[in-house]
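For reference, the structure discussed in these notes is given below.
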Amino acid sequence: MRLAFAGTPAFAATALRAIVTSGHDVVSVLTQPDRPAGRGLKLQPSAVKAAAALFGLPVMQPGGLRLDGRFAADAQAVRTALQTAAPEAMVVAAYGLLLPPWLLALPRRGCLNIHASLLPRWRGAAPIQRAIEAGDTETGVSIMQMDAGLDTGDVWLARTLPITPDDTSASLHDRLAVLGARALLEVLDRLDRNELDAVPQPTAGVTYAHKIDKQEAALDWRVEATQLERRVRAFDPFPGATLCDRGHTLKVWRAAVRNAAGAPGEILSTLPGPLMVACGGGALELLELQRPGGRRQPAGACFPGGAPALGQRLALVTD
């Protein structure tokens, strides 16, 4: 099939590589503009741009797609290029820009989106993180026909995947990326043979996966330990859950729920044994931490100035 592709991060790059290697003709790739990254804040290409370069695919990086907006010239250039390329369909995966009506209508078969949830659960920007945070036991991917709404289009195909008790957003992301690429290829092949019908999403069970905000990173010890442990895994790798110890902010990368009680934020046991903090229900054993400018390491190696004392209270997020 003759395709255009729009995507930006690694999740999308996995799909792009699968599309090209399966023999589909990718005539144009849209991705976000290069962004500063790293300690030197040098401009870095997106994962999709890097993948496209390996295959010699033409890439466009518009700042926006509205024909009447700030980036109207970019949008017009994209429209002209796509009209010339005449793709049958556009595949979209974590692109990061809303597709305006003119683009949704441009390909003959419209735009197909790879969404990392079982729609209508977790529409929106952060379905992987919110599924882990909520304690879902399974998730999956949906290949959706895009419309003007936020992840509201009809679903061509859905595939499920279990969420394991130790899954982080990073580990679940990688498995979903592979599953999404496979599901997409199945949809493209079956569409080409007219063997597939899209199904409207149910009206019941709609949830929204709001974008992750750095302000959510601080652990609130008044919350139950099970919820905090899920948040630690959901926020790995971004933005990383945090705690405050004597004025220092540490990132929490791995923790375990323990059956113990105390005032929220109270140190119930300390190094050289397990480092346990009381929560609103149960306790959290801190297993892997990171000091500012340091690396992830076992909790026992993160307190060169001395571990928190037994009975000490860690700061609550509202302190």
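As shown in the structure tokens, the chain order sets the letters A, B, ...; within each chain, residues go from 1, and ligands are also counted from 1 in the order they appear.
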
Discussion item. I'd like the neighbourhood of A:Leu106 as a list in words, where a residue qualifies if any of its atoms comes within 9 Å (using only C-alpha atoms), though same-chain residues fewer than 2 positions away should be ignored.
Written reply: Arg79, Leu82, Gln83, Ala86, Pro87, Glu88, Ala89, Met90, Pro101, Trp102, Leu103, Leu104, Arg108, Arg109, Gly110 and Cys111 of chain A

Since we have the selection now, will you write its residues out, keeping C-alpha atoms, as a PDB file, in the first residue's frame?
```pdb
ATOM      1  CA  ARG A  79      -0.487  19.715   1.994  1.00  0.00           C
ATOM      2  CA  LEU A  82       1.078  15.073   0.229  1.00  0.00           C
ATOM      3  CA  GLN A  83      -1.264  15.946  -2.615  1.00  0.00           C
ATOM      4  CA  ALA A  86      -1.014  10.843  -3.179  1.00  0.00           C
ATOM      5  CA  PRO A  87      -0.828   8.254  -0.359  1.00  0.00           C
ATOM      6  CA  GLU A  88      -3.698   5.792  -0.039  1.00  0.00           C
ATOM      7  CA  ALA A  89      -3.619   6.185   3.740  1.00  0.00           C
ATOM      8  CA  MET A  90      -1.632   7.849   6.484  1.00  0.00           C
ATOM      9  CA  PRO A 101      -9.727  18.173   8.886  1.00  0.00           C
ATOM     10  CA  TRP A 102      -7.911  18.813   5.607  1.00  0.00           C
ATOM     11  CA  LEU A 103      -5.277  16.198   6.476  1.00  0.00           C
ATOM     12  CA  LEU A 104      -7.745  13.634   7.828  1.00  0.00           C
ATOM     13  CA  ARG A 108      -8.320   8.055   0.102  1.00  0.00           C
ATOM     14  CA  ARG A 109      -8.489   5.624   3.037  1.00  0.00           C
ATOM     15  CA  GLY A 110      -8.061   8.320   5.659  1.00  0.00           C
ATOM     16  CA  CYS A 111      -5.690   8.187   8.634  1.00  0.00           C
TER      17      CYS A 111
END
```

Worksheet item: Do you know which residues are at most 10 Å from stretch 264-273 of chain A counting only C-alpha atoms, after dropping those on the same chain fewer than 5 positions away, and could you put them as a PyMOL selection string?
Response: chain A and resi 219-224+243+278-286+299-301+303+306-316

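Coordinates place atom CA of A:Ala170 at a distance of 20.6 Å from atom CA of A:Gln44.
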
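What separates atom CA of A:Leu65 from atom CA of A:Ala77 is a distance of 9.5 Å.
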
Proximity of stretch 125-154 of chain A to stretch 229-239 of chain A: per-residue shortest pair, 6 Å limit, only C-alpha atoms, as CSV:
```
residue,atom,partner,partner_atom,distance
A:Gln129,CA,A:Ala234,CA,4.7
A:Ile132,CA,A:Ala234,CA,5.4
A:Glu133,CA,A:Arg230,CA,5.0
```

File of the preceding selection, all heavy atoms, as a PDB file, in the first residue's frame:
```pdb
ATOM      1  N   GLN A 129       1.156   5.015  30.869  1.00  0.00           N
ATOM      2  CA  GLN A 129       1.385   5.406  32.266  1.00  0.00           C
ATOM      3  C   GLN A 129       0.111   5.310  33.091  1.00  0.00           C
ATOM      4  O   GLN A 129       0.130   4.807  34.227  1.00  0.00           O
ATOM      5  CB  GLN A 129       1.936   6.836  32.319  1.00  0.00           C
ATOM      6  CG  GLN A 129       3.298   7.010  31.691  1.00  0.00           C
ATOM      7  CD  GLN A 129       3.232   7.420  30.235  1.00  0.00           C
ATOM      8  OE1 GLN A 129       2.270   7.086  29.527  1.00  0.00           O
ATOM      9  NE2 GLN A 129       4.230   8.160  29.768  1.00  0.00           N
ATOM     10  N   ILE A 132      -0.919   1.652  34.101  1.00  0.00           N
ATOM     11  CA  ILE A 132      -0.143   1.115  35.224  1.00  0.00           C
ATOM     12  C   ILE A 132      -0.554   1.805  36.516  1.00  0.00           C
ATOM     13  O   ILE A 132      -0.784   1.150  37.544  1.00  0.00           O
ATOM     14  CB  ILE A 132       1.360   1.301  34.972  1.00  0.00           C
ATOM     15  CG1 ILE A 132       1.812   0.431  33.797  1.00  0.00           C
ATOM     16  CG2 ILE A 132       2.164   0.955  36.226  1.00  0.00           C
ATOM     17  CD1 ILE A 132       3.266   0.627  33.403  1.00  0.00           C
ATOM     18  N   GLU A 133      -0.661   3.123  36.484  1.00  0.00           N
ATOM     19  CA  GLU A 133      -1.012   3.884  37.686  1.00  0.00           C
ATOM     20  C   GLU A 133      -2.365   3.452  38.248  1.00  0.00           C
ATOM     21  O   GLU A 133      -2.560   3.407  39.472  1.00  0.00           O
ATOM     22  CB  GLU A 133      -1.017   5.376  37.357  1.00  0.00           C
ATOM     23  CG  GLU A 133      -1.237   6.284  38.546  1.00  0.00           C
ATOM     24  CD  GLU A 133      -1.303   7.737  38.144  1.00  0.00           C
ATOM     25  OE1 GLU A 133      -1.601   8.037  36.978  1.00  0.00           O
ATOM     26  OE2 GLU A 133      -1.062   8.594  39.022  1.00  0.00           O
TER      27      GLU A 133
END
```

Fill in: Spatial neighbours of stretch 4-7 of chain A, max dist 6 Å, only C-alpha atoms, sep filter under 5 positions, as a list in words
Ala12, Val26, Val27, Ser28, Val29, Leu30, Thr31, Pro87, Met90, Val91, Val92, Ala93, Ala94 and Tyr95 of chain A

Discussion item. Write out as a ChimeraX atom specification the set of residues from stretch 196-296 of chain A that DSSP, computed on the backbone, places in strand (DSSP E or B).
Written reply: /A:199,208-209,218,224,241-245,248-258,266-269,276-278,281,283-290

Item to complete: Write down as a PyMOL selection string the residues belonging to stretch 104-286 of chain A that are assigned alpha helix (DSSP H) by DSSP computed on the backbone.
Response: chain A and resi 104+127-134+169-192+225-234
